[in-house]
>>> print(open('target31.cif').read())   # mmCIF, C-alpha atoms
data_entry
loop_
_atom_site.label_atom_id
_atom_site.label_comp_id
_atom_site.auth_asym_id
_atom_site.auth_seq_id
_atom_site.Cartn_x
_atom_site.Cartn_y
_atom_site.Cartn_z
CA MET A 1 0.00 0.00 0.00
CA ALA A 2 1.28 3.47 -0.84
CA GLU A 3 2.36 5.68 2.03
CA ALA A 4 -0.02 8.30 3.44
CA THR A 5 1.07 11.86 2.76
CA ALA A 6 -0.99 13.50 5.46
CA THR A 7 -0.86 13.65 9.24
CA MET A 8 -3.98 14.21 11.28
CA ASP A 9 -4.09 15.29 14.91
CA VAL A 10 -7.27 15.22 16.93
CA ARG A 11 -8.34 17.79 19.53
CA LYS A 12 -11.45 17.85 21.68
CA PRO A 13 -12.27 21.38 22.87
CA ASP A 14 -15.21 19.87 24.80
CA ASP A 15 -17.17 16.61 25.01
CA SER A 16 -19.50 17.49 22.14
CA VAL A 17 -17.01 18.04 19.34
CA GLY A 18 -13.80 16.66 17.90
CA ILE A 19 -11.50 18.60 15.57
CA VAL A 20 -9.22 16.89 13.04
CA ASP A 21 -6.21 19.04 12.12
CA ILE A 22 -5.18 17.93 8.64
CA LYS A 23 -1.64 18.53 7.40
CA GLY A 24 -0.31 17.54 4.00
CA ASP A 25 -1.99 15.91 1.00
CA ILE A 26 -5.30 14.06 1.02
CA THR A 27 -5.42 11.32 -1.58
CA ALA A 28 -6.86 7.82 -1.72
CA ASN A 29 -3.76 6.76 0.27
CA SER A 30 -4.98 8.81 3.24
CA GLU A 31 -7.92 6.51 3.95
CA GLU A 32 -6.50 4.78 7.01
CA VAL A 33 -5.15 7.91 8.69
CA LEU A 34 -8.35 9.89 7.97
CA MET A 35 -10.71 7.17 9.18
CA ASP A 36 -8.63 6.63 12.33
CA ALA A 37 -8.67 10.36 13.06
CA TYR A 38 -12.42 10.48 12.47
CA ALA A 39 -12.99 7.50 14.80
CA THR A 40 -11.09 9.29 17.59
CA ALA A 41 -12.68 12.69 16.93
CA GLY A 42 -16.18 11.25 16.61
CA ASP A 43 -16.04 9.03 19.68
CA GLY A 44 -18.93 10.23 21.86
CA THR A 45 -19.27 13.60 20.10
CA ARG A 46 -22.15 15.06 18.16
CA ALA A 47 -19.97 16.82 15.57
CA VAL A 48 -16.64 16.42 13.85
CA ILE A 49 -14.85 19.44 12.40
CA LEU A 50 -12.20 19.07 9.72
CA ASN A 51 -9.50 21.74 9.88
CA PHE A 52 -8.09 22.21 6.37
CA THR A 53 -5.74 25.06 7.27
CA GLY A 54 -2.73 22.77 6.82
CA LEU A 55 -4.00 21.10 3.66
CA GLU A 56 -1.44 21.24 0.88
CA TYR A 57 -3.20 19.29 -1.83
CA MET A 58 -6.22 17.11 -2.42
CA ASN A 59 -7.03 15.03 -5.50
CA SER A 60 -10.28 13.38 -6.55
CA GLY A 61 -9.44 10.31 -4.46
CA GLY A 62 -9.38 12.62 -1.43
CA ILE A 63 -12.82 14.01 -2.27
CA GLY A 64 -14.09 10.43 -2.51
CA LEU A 65 -12.78 9.77 1.00
CA LEU A 66 -14.69 12.78 2.32
CA VAL A 67 -17.91 11.39 0.82
CA THR A 68 -17.28 8.10 2.60
CA LEU A 69 -16.58 10.01 5.82
CA LEU A 70 -19.85 11.88 5.41
CA VAL A 71 -21.76 8.59 5.16
CA ARG A 72 -20.18 7.48 8.44
CA ALA A 73 -21.05 10.77 10.11
CA ASN A 74 -24.66 10.56 8.90
CA ARG A 75 -24.92 7.01 10.14
CA ALA A 76 -23.71 8.15 13.58
CA ARG A 77 -26.06 11.18 13.41
CA GLN A 78 -23.10 13.50 13.66
CA LYS A 79 -22.60 16.85 11.98
CA LEU A 80 -19.61 17.13 9.69
CA LEU A 81 -18.17 20.63 9.44
CA ALA A 82 -15.08 22.14 7.87
CA PHE A 83 -13.01 25.30 8.02
CA GLY A 84 -9.73 26.62 6.66
CA LEU A 85 -10.38 25.74 3.02
CA THR A 86 -8.65 27.93 0.46
CA GLN A 87 -10.82 29.60 -2.19
CA HIS A 88 -9.76 26.90 -4.64
CA TYR A 89 -10.96 24.05 -2.45
CA LYS A 90 -14.14 25.91 -1.54
CA GLU A 91 -14.85 25.88 -5.28
CA ILE A 92 -14.03 22.16 -5.48
CA PHE A 93 -16.51 21.52 -2.68
CA GLU A 94 -19.10 23.49 -4.68
CA LEU A 95 -18.25 21.71 -7.92
CA THR A 96 -18.57 18.27 -6.34
CA ARG A 97 -21.57 19.51 -4.33
CA LEU A 98 -19.98 18.39 -1.07
CA ASP A 99 -20.83 21.83 0.30
CA GLU A 100 -24.50 20.79 0.33
CA ALA A 101 -23.77 18.24 3.04
CA VAL A 102 -20.67 19.52 4.84
CA GLY A 103 -21.00 22.85 6.66
CA ILE A 104 -18.19 25.11 5.41
CA HIS A 105 -16.94 27.88 7.72
CA ASP A 106 -14.22 30.48 7.50
CA ASN A 107 -12.60 29.75 10.84
CA GLU A 108 -12.64 27.49 13.87
CA GLU A 109 -14.73 29.87 15.94
CA ASP A 110 -17.54 29.92 13.35
CA ALA A 111 -17.41 26.16 12.95
CA LEU A 112 -17.64 25.62 16.72
CA ALA A 113 -20.58 28.01 16.90
CA ALA A 114 -22.41 25.90 14.29
CA VAL A 115 -22.10 22.64 16.26
CA MET B 1 16.12 28.52 -7.82
CA ASP B 2 13.05 26.35 -7.19
CA PRO B 3 9.67 28.14 -7.02
CA PRO B 4 8.11 28.50 -3.54
CA GLN B 5 6.06 25.52 -2.33
CA GLU B 6 2.83 27.60 -2.37
CA THR B 7 3.36 28.38 -6.06
CA VAL B 8 3.88 24.71 -6.90
CA GLU B 9 0.69 23.77 -5.00
CA ALA B 10 -1.36 26.50 -6.68
CA ALA B 11 -0.11 25.33 -10.08
CA ARG B 12 -1.15 21.73 -9.31
CA ASP B 13 -4.58 22.96 -8.20
CA ALA B 14 -5.15 25.03 -11.31
CA THR B 15 -3.87 22.40 -13.72
CA PHE B 16 -5.51 19.24 -12.49
CA TRP B 17 -8.98 20.30 -11.29
CA ALA B 18 -11.89 21.51 -13.41
CA LYS B 19 -12.97 25.09 -12.87
CA SER B 20 -16.16 25.57 -10.90
CA VAL B 21 -19.29 25.51 -13.06
CA SER B 22 -22.91 25.69 -12.02
CA ARG B 23 -24.32 24.23 -15.27
CA LEU B 24 -22.68 22.08 -17.94
CA LYS B 25 -22.00 23.40 -21.39
CA VAL B 26 -21.18 21.21 -24.37
CA SER B 27 -18.82 23.05 -26.67
CA ASP B 28 -18.61 20.67 -29.65
CA VAL B 29 -21.40 18.29 -30.58
CA PRO B 30 -20.34 15.67 -33.14
CA GLU B 31 -22.81 15.31 -36.03
CA ASP B 32 -23.94 11.79 -35.11
CA ALA B 33 -24.20 12.45 -31.36
CA VAL B 34 -27.43 13.13 -29.51
CA ASN B 35 -27.11 15.93 -26.98
CA ILE B 36 -30.36 16.20 -25.07
CA ASN B 37 -29.45 15.47 -21.46
CA VAL B 38 -26.22 17.30 -20.72
CA GLU B 39 -26.46 20.95 -21.73
CA GLY B 40 -27.52 23.07 -18.77
CA LYS B 41 -27.51 20.19 -16.29
CA ARG B 42 -25.81 20.33 -12.92
CA LEU B 43 -23.24 17.78 -11.82
CA ALA B 44 -24.43 15.13 -9.38
CA SER B 45 -22.22 13.60 -6.71
CA PRO B 46 -23.09 10.47 -4.71
CA ILE B 47 -24.58 12.84 -2.12
CA GLN B 48 -27.33 13.89 -4.56
CA GLY B 49 -28.13 10.33 -5.69
CA PHE B 50 -31.04 8.14 -4.62
CA GLY B 51 -29.96 4.51 -4.27
CA LYS B 52 -27.52 2.63 -2.10
CA MET B 53 -23.97 3.93 -2.36
CA TRP B 54 -21.45 1.60 -3.94
CA GLN B 55 -17.72 1.65 -4.34
CA LYS B 56 -16.61 -0.75 -7.03
CA THR B 57 -12.97 -1.30 -7.85
CA TYR B 58 -11.82 -3.03 -11.02
CA GLN B 59 -8.10 -3.75 -11.32
CA VAL B 60 -5.88 -5.30 -13.91
CA ARG B 61 -2.23 -6.15 -13.42
CA LEU B 62 0.09 -5.44 -16.31
CA ASP B 63 2.91 -7.82 -15.44
CA GLY B 64 4.97 -8.30 -18.52
CA SER B 65 4.66 -5.16 -20.59
CA LYS B 66 7.03 -2.93 -18.56
CA VAL B 67 4.76 0.03 -19.03
CA SER B 68 4.84 2.84 -16.46
CA PRO B 69 1.72 4.24 -14.70
CA THR B 70 2.07 7.54 -16.58
CA GLN B 71 2.26 5.69 -19.91
CA VAL B 72 -0.87 3.71 -19.03
CA ILE B 73 -2.82 6.85 -18.14
CA ALA B 74 -1.58 8.76 -21.20
CA THR B 75 -2.76 5.89 -23.43
CA TRP B 76 -6.04 5.50 -21.55
CA LYS B 77 -6.82 9.21 -21.95
CA GLU B 78 -5.88 9.23 -25.60
CA ARG B 79 -7.77 6.08 -26.61
CA PHE B 80 -10.52 6.10 -23.99
CA PRO B 81 -13.47 5.42 -26.36
CA GLU B 82 -11.67 2.53 -28.09
CA PHE B 83 -11.63 0.45 -24.91
CA TRP B 84 -15.40 0.67 -24.42
CA PRO B 85 -17.72 -2.23 -25.32
CA ASP B 86 -19.37 -2.07 -28.76
CA LYS B 87 -22.65 -0.17 -29.20
CA ASN B 88 -21.61 2.43 -26.62
CA ARG B 89 -20.17 5.69 -27.87
CA PHE B 90 -18.03 8.06 -25.86
CA TYR B 91 -17.58 11.28 -27.80
CA ALA B 92 -14.26 12.45 -26.42
CA PRO B 93 -13.82 16.23 -26.31
CA LEU B 94 -11.72 17.63 -29.14
CA THR B 95 -9.12 18.74 -26.62
CA GLY B 96 -9.02 15.27 -25.08
CA ILE B 97 -9.55 14.21 -21.49
CA SER B 98 -8.64 17.40 -19.69
CA PRO B 99 -10.18 19.08 -16.63
CA GLY B 100 -13.50 20.81 -17.25
CA GLU B 101 -14.16 19.19 -20.63
CA VAL B 102 -17.58 17.67 -21.20
CA ALA B 103 -18.02 14.46 -23.19
CA LEU B 104 -21.26 13.14 -24.63
CA ILE B 105 -22.18 9.49 -24.22
CA ASN B 106 -24.68 7.58 -26.37
CA MET B 107 -25.36 4.12 -25.01
CA THR B 108 -27.50 1.22 -26.14
CA MET B 109 -29.61 -0.04 -23.27
CA PRO B 110 -31.72 -3.18 -22.97
CA GLY B 111 -34.78 -2.92 -25.24
CA ARG B 112 -32.64 -1.12 -27.86
CA LEU B 113 -33.16 2.17 -26.07
CA LYS B 114 -30.54 4.71 -27.13
CA LEU B 115 -29.64 6.60 -24.02
CA SER B 116 -28.02 9.99 -24.38
CA THR B 117 -26.03 11.39 -21.48
CA GLY B 118 -22.52 12.62 -20.73
CA VAL B 119 -19.79 13.26 -18.18
CA MET B 120 -17.47 16.05 -17.17
CA VAL B 121 -13.76 15.58 -16.57
CA LEU B 122 -13.55 16.59 -12.92
CA TYR B 123 -9.87 15.90 -12.39
CA ALA B 124 -6.93 14.78 -14.48
CA ASP B 125 -3.26 14.40 -13.67
CA GLU B 126 -0.51 12.15 -15.03
CA GLU B 127 -1.52 9.10 -13.04
CA SER B 128 -5.29 9.42 -12.80
CA PHE B 129 -8.42 11.08 -14.14
CA THR B 130 -11.96 11.35 -12.84
CA LEU B 131 -15.25 11.66 -14.71
CA MET B 132 -18.32 13.02 -12.92
CA THR B 133 -21.90 12.49 -14.00
CA PRO B 134 -24.59 15.12 -14.60
CA GLN B 135 -28.22 15.09 -13.42
CA GLY B 136 -30.22 12.53 -15.35
CA HIS B 137 -27.34 10.08 -15.79
CA MET B 138 -28.26 6.65 -14.44
CA LEU B 139 -25.59 7.02 -11.77
CA SER B 140 -24.80 9.95 -9.50
CA GLY B 141 -21.14 10.12 -8.70
CA TRP B 142 -17.80 9.68 -10.33
CA ILE B 143 -15.36 7.16 -11.68
CA THR B 144 -11.62 7.47 -11.24
CA PHE B 145 -9.19 5.78 -13.60
CA SER B 146 -5.70 5.41 -12.23
CA ALA B 147 -2.50 3.47 -12.55
CA ALA B 148 0.13 2.74 -9.92
CA ALA B 149 3.32 0.77 -9.58
CA GLN B 150 2.90 -2.29 -7.38
CA GLU B 151 5.97 -4.44 -6.78
CA ASP B 152 7.38 -5.01 -10.27
CA ALA B 153 4.16 -4.38 -12.21
CA THR B 154 1.80 -1.55 -13.06
CA VAL B 155 -1.79 -1.92 -11.89
CA ALA B 156 -4.51 -0.11 -13.83
CA GLN B 157 -7.69 0.59 -11.94
CA ALA B 158 -11.19 1.95 -12.47
CA GLN B 159 -13.04 2.84 -9.29
CA VAL B 160 -16.63 4.04 -9.18
CA LEU B 161 -18.27 5.78 -6.23
CA ILE B 162 -21.94 6.01 -7.10
CA ARG B 163 -25.59 5.81 -6.22
CA ALA B 164 -28.38 5.12 -8.69
CA SER B 165 -29.77 8.56 -9.48
CA ASP B 166 -33.46 7.79 -9.01
CA PRO B 167 -35.83 4.96 -8.00
CA LEU B 168 -36.19 3.64 -11.58
CA TYR B 169 -32.44 3.39 -12.09
CA GLU B 170 -32.13 1.80 -8.64
CA MET B 171 -34.61 -0.86 -9.69
CA GLY B 172 -32.65 -1.34 -12.92
CA LEU B 173 -29.40 -1.77 -11.02
CA THR B 174 -30.86 -4.44 -8.75
CA MET B 175 -32.40 -6.25 -11.74
CA GLY B 176 -29.16 -6.90 -13.59
CA GLY B 177 -27.76 -3.40 -13.93
CA HIS B 178 -24.92 -4.05 -11.51
CA LYS B 179 -23.85 -7.09 -13.50
CA GLN B 180 -23.99 -5.04 -16.71
CA GLU B 181 -21.90 -2.30 -15.15
CA ASP B 182 -19.32 -4.81 -13.91
CA LYS B 183 -19.10 -6.33 -17.38
CA PHE B 184 -18.69 -2.88 -18.91
CA TRP B 185 -15.66 -1.92 -16.83
CA GLN B 186 -14.18 -5.40 -16.92
CA HIS B 187 -14.35 -5.21 -20.71
CA THR B 188 -12.69 -1.77 -20.63
CA LEU B 189 -9.81 -2.97 -18.47
CA THR B 190 -9.35 -6.16 -20.48
CA SER B 191 -9.18 -4.07 -23.66
CA LEU B 192 -6.67 -1.73 -22.04
CA ALA B 193 -4.51 -4.69 -21.02
CA ALA B 194 -4.83 -6.18 -24.52
CA HIS B 195 -3.58 -2.90 -25.97
CA PHE B 196 -0.37 -3.47 -24.02
CA GLY B 197 -0.24 -7.08 -25.27
CA GLU B 198 -1.49 -8.67 -22.07
CA ASP B 199 -4.19 -11.25 -21.58
CA ALA B 200 -5.03 -10.27 -18.01
CA GLU B 201 -7.90 -11.05 -15.67
CA VAL B 202 -9.79 -8.25 -13.97
CA ASP B 203 -10.06 -8.31 -10.20
CA THR B 204 -13.39 -6.86 -9.01
CA GLN B 205 -14.16 -5.64 -5.50
CA VAL B 206 -17.58 -4.34 -4.54
CA VAL B 207 -18.35 -2.51 -1.29
CA CYS B 208 -21.74 -1.14 -0.28
CA VAL B 209 -20.72 2.12 1.40
CA ASP B 210 -24.25 3.11 2.39
CA LYS B 211 -27.25 0.78 2.46
CA LYS B 212 -29.69 3.64 2.93
CA ARG B 213 -31.71 4.93 0.02
CA GLN B 214 -32.15 8.69 -0.03
CA TRP B 215 -35.86 9.14 -0.60
CA LYS B 216 -35.50 12.92 -0.49
CA HIS B 217 -33.82 12.58 -3.90
CA ALA B 218 -36.52 10.39 -5.48
CA GLY B 219 -37.56 13.43 -7.52
CA ASN B 220 -34.35 13.07 -9.56
CA VAL B 221 -36.48 10.94 -11.86
CA TRP B 222 -37.61 14.24 -13.43
CA HIS B 223 -34.17 14.58 -15.03
CA SER B 224 -33.93 10.90 -16.08
CA ALA B 225 -31.91 10.62 -19.27
CA ALA B 226 -33.58 7.25 -19.94
CA ILE B 227 -37.09 8.73 -19.89
CA ARG B 228 -36.05 11.81 -21.86
CA SER B 229 -34.15 9.71 -24.40
CA SER B 230 -37.22 7.45 -24.84
CA ILE B 231 -39.42 10.46 -25.50
CA TYR B 232 -36.81 11.80 -27.93
CA MET B 233 -36.74 8.44 -29.76
CA MET B 234 -40.53 8.40 -30.02
CA GLY B 235 -40.37 11.80 -31.67
CA ALA B 236 -37.92 10.60 -34.34
CA PRO B 237 -40.56 9.93 -37.07
CA ILE B 238 -42.04 13.42 -36.61
CA ARG B 239 -38.58 15.02 -36.82
CA GLY B 240 -37.93 12.98 -39.99
CA ILE B 241 -41.14 14.25 -41.65
CA LYS B 242 -40.32 17.83 -40.64
CA LYS B 243 -36.89 17.48 -42.27
CA LEU B 244 -38.47 16.19 -45.50
CA PHE B 245 -40.82 19.19 -45.65
CA LYS B 246 -37.93 21.58 -45.02
CA ARG B 247 -36.01 20.09 -47.97
CA GLY B 248 -39.05 20.27 -50.19
#
>>> encode(input="target31.cif", output="structure tokens")
Amino acid sequence: MAEATATMDVRKPDDSVGIVDIKGDITANSEEVLMDAYATAGDGTRAVILNFTGLEYMNSGGIGLLVTLLVRANRARQKLLAFGLTQHYKEIFELTRLDEAVGIHDNEEDALAAV
Amino acid sequence: MDPPQETVEAARDATFWAKSVSRLKVSDVPEDAVNINVEGKRLASPIQGFGKMWQKTYQVRLDGSKVSPTQVIATWKERFPEFWPDKNRFYAPLTGISPGEVALINMTMPGRLKLSTGVMVLYADEESFTLMTPQGHMLSGWITFSAAAQEDATVAQAQVLIRASDPLYEMGLTMGGHKQEDKFWQHTLTSLAAHFGEDAEVDTQVVCVDKKRQWKHAGNVWHSAAIRSSIYMMGAPIRGIKKLFKRG
């Protein structure tokens, strides 16, 4: 299996939300690291926030992973939110219509307020 | 001096991804192609689909041909329509498989129905490319074609992430449509391997990502390319008579 090119740290500002700090590239090779981070962030919380501030690159395989993540979040009745996307990736979320299911926010404060 | 990392990343972003569009536009319509279900349609991801969500992965191992992943993808992009099964036409854009381009598809369905739809090239780099479907296509989602080095071989892969777009297509998928789709991509990969002189078997993996049907999207049937293509076919004799009168 190809090596993951992203690292993901999980923070829990309180019991209701987990934040995944993404650093690096998200591609199909990031599946294991992303799903592990989601499992930790989503354990016992009602929302998971993806922090894309450290995202360097994402290809279509990465977008596919986010769709899979969304299914998991829906199944667990959790909100999936995001912040820190560059203008380019905001447009990719619009193009792929991921923005219709993932709440996009400008910063962490706004995302936390939407939980 | 190397360019700053941010510049390299921005260049990758701009080169490989399609630009944001709200509605599809077909720039060149070949004379024999039917374009009734693509122009003005929105793209549809698996999130907007109706049926169960599936991830299907078809892989073929090119052991002996010593071809690199980039060579495989370059060939696949260039000759994409040639690897399709007969009676299905993929009208590749004049500029080839490049981000943002829209391709028309005319397929022959069971009952000799000619279905007219299309796809947009969502993403394309040297080792992969992704096609995304518009509203009305039988499937909502995308398919990614990629190639990667594995041990001493190159593995070519087609991976779909889709839902049936509406309840009728969902019924069609459960009544043999899945098998048809598997055959379609297995044929494509076998043809690709044959192009490189290999008689390879296709490995197929199917995962149901979401068993839930999304009833809130049942109304997608309004855009159904199958229904609209059927109506278009029924109107063929009238269009023929009109043409005759125009000539006269």
>>> residues_near_point(input="target31.cif", point="(-8.1, 15.7, 1.7)", cutoff="7 Å", atoms="all atoms listed in the file", output="PyMOL selection string")
chain A and resi 25-27+58+62-63
>>> write_last_selection(input="target31.cif", atoms="C-alpha atoms", output="mmCIF file, in the coordinates of the input")
data_model
loop_
_atom_site.group_PDB
_atom_site.id
_atom_site.type_symbol
_atom_site.label_atom_id
_atom_site.label_comp_id
_atom_site.auth_asym_id
_atom_site.auth_seq_id
_atom_site.Cartn_x
_atom_site.Cartn_y
_atom_site.Cartn_z
ATOM 1 C CA ASP A 25 -1.990 15.910 1.000
ATOM 2 C CA ILE A 26 -5.300 14.060 1.020
ATOM 3 C CA THR A 27 -5.420 11.320 -1.580
ATOM 4 C CA MET A 58 -6.220 17.110 -2.420
ATOM 5 C CA GLY A 62 -9.380 12.620 -1.430
ATOM 6 C CA ILE A 63 -12.820 14.010 -2.270
#
>>> atom_distance(input="target31.cif", atom1="atom CA of B:Phe50", atom2="atom CA of A:Gln78")
20.6 Å
>>> closest_residue(input="target31.cif", among="B:Val206, B:Met138, B:Ala14, B:Val60", to="B:Gln157", atoms="only C-alpha atoms")
B:Val60
>>> interface_residues(input="target31.cif", of="chain B", to="chain A", cutoff="10 Å", atoms="all atoms listed in the file", output="CSV table (one decimal) with C-alpha atoms, in the coordinates of the input")
chain,number,residue,atom,x,y,z
B,5,GLN,CA,6.1,25.5,-2.3
B,6,GLU,CA,2.8,27.6,-2.4
B,9,GLU,CA,0.7,23.8,-5.0
B,10,ALA,CA,-1.4,26.5,-6.7
B,12,ARG,CA,-1.2,21.7,-9.3
B,13,ASP,CA,-4.6,23.0,-8.2
B,14,ALA,CA,-5.2,25.0,-11.3
B,16,PHE,CA,-5.5,19.2,-12.5
B,17,TRP,CA,-9.0,20.3,-11.3
B,18,ALA,CA,-11.9,21.5,-13.4
B,19,LYS,CA,-13.0,25.1,-12.9
B,20,SER,CA,-16.2,25.6,-10.9
B,21,VAL,CA,-19.3,25.5,-13.1
B,22,SER,CA,-22.9,25.7,-12.0
B,23,ARG,CA,-24.3,24.2,-15.3
B,42,ARG,CA,-25.8,20.3,-12.9
B,43,LEU,CA,-23.2,17.8,-11.8
B,44,ALA,CA,-24.4,15.1,-9.4
B,45,SER,CA,-22.2,13.6,-6.7
B,46,PRO,CA,-23.1,10.5,-4.7
B,47,ILE,CA,-24.6,12.8,-2.1
B,48,GLN,CA,-27.3,13.9,-4.6
B,53,MET,CA,-24.0,3.9,-2.4
B,55,GLN,CA,-17.7,1.6,-4.3
B,122,LEU,CA,-13.6,16.6,-12.9
B,123,TYR,CA,-9.9,15.9,-12.4
B,124,ALA,CA,-6.9,14.8,-14.5
B,125,ASP,CA,-3.3,14.4,-13.7
B,128,SER,CA,-5.3,9.4,-12.8
B,129,PHE,CA,-8.4,11.1,-14.1
B,130,THR,CA,-12.0,11.4,-12.8
B,131,LEU,CA,-15.2,11.7,-14.7
B,132,MET,CA,-18.3,13.0,-12.9
B,141,GLY,CA,-21.1,10.1,-8.7
B,142,TRP,CA,-17.8,9.7,-10.3
B,143,ILE,CA,-15.4,7.2,-11.7
B,144,THR,CA,-11.6,7.5,-11.2
B,146,SER,CA,-5.7,5.4,-12.2
B,148,ALA,CA,0.1,2.7,-9.9
B,149,ALA,CA,3.3,0.8,-9.6
B,150,GLN,CA,2.9,-2.3,-7.4
B,159,GLN,CA,-13.0,2.8,-9.3
B,160,VAL,CA,-16.6,4.0,-9.2
B,161,LEU,CA,-18.3,5.8,-6.2
B,209,VAL,CA,-20.7,2.1,1.4
B,210,ASP,CA,-24.2,3.1,2.4
B,211,LYS,CA,-27.2,0.8,2.5
B,212,LYS,CA,-29.7,3.6,2.9
>>> resolve_selection(input="target31.cif", expression="the PyMOL selection byres ((chain A and resi 102) around 6)", output="list in words")
Leu80, Leu81, Asp99, Ala101 and Gly103 of chain A
>>> atom_distance(input="target31.cif", atom1="atom CA of B:Leu173", atom2="atom CA of B:Gly51")
9.2 Å
>>> atom_distance(input="target31.cif", atom1="atom CA of B:Lys87", atom2="atom CA of B:Val38")
19.7 Å
>>> closest_residue(input="target31.cif", among="B:Pro99, B:Pro167, B:Gly118, B:Gly64", to="B:Asn35", atoms="all atoms listed in the file")
B:Gly118
>>> resolve_selection(input="target31.cif", expression="the PyMOL selection byres ((chain A and resi 53) around 7)", output="ChimeraX atom specification")
/A:51-52,54-55,84-85
>>> write_last_selection(input="target31.cif", atoms="C-alpha atoms", output="JSON list (two decimals), in the frame of the given file")
[["chain", "number", "residue", "atom", "x", "y", "z"],
["A", 51, "ASN", "CA", -9.50, 21.74, 9.88],
["A", 52, "PHE", "CA", -8.09, 22.21, 6.37],
["A", 54, "GLY", "CA", -2.73, 22.77, 6.82],
["A", 55, "LEU", "CA", -4.00, 21.10, 3.66],
["A", 84, "GLY", "CA", -9.73, 26.62, 6.66],
["A", 85, "LEU", "CA", -10.38, 25.74, 3.02]]
>>> closest_residue(input="target31.cif", among="B:Arg239, B:Lys25, B:Lys41, B:His178", to="B:His223", atoms="only C-alpha atoms")
B:Lys41
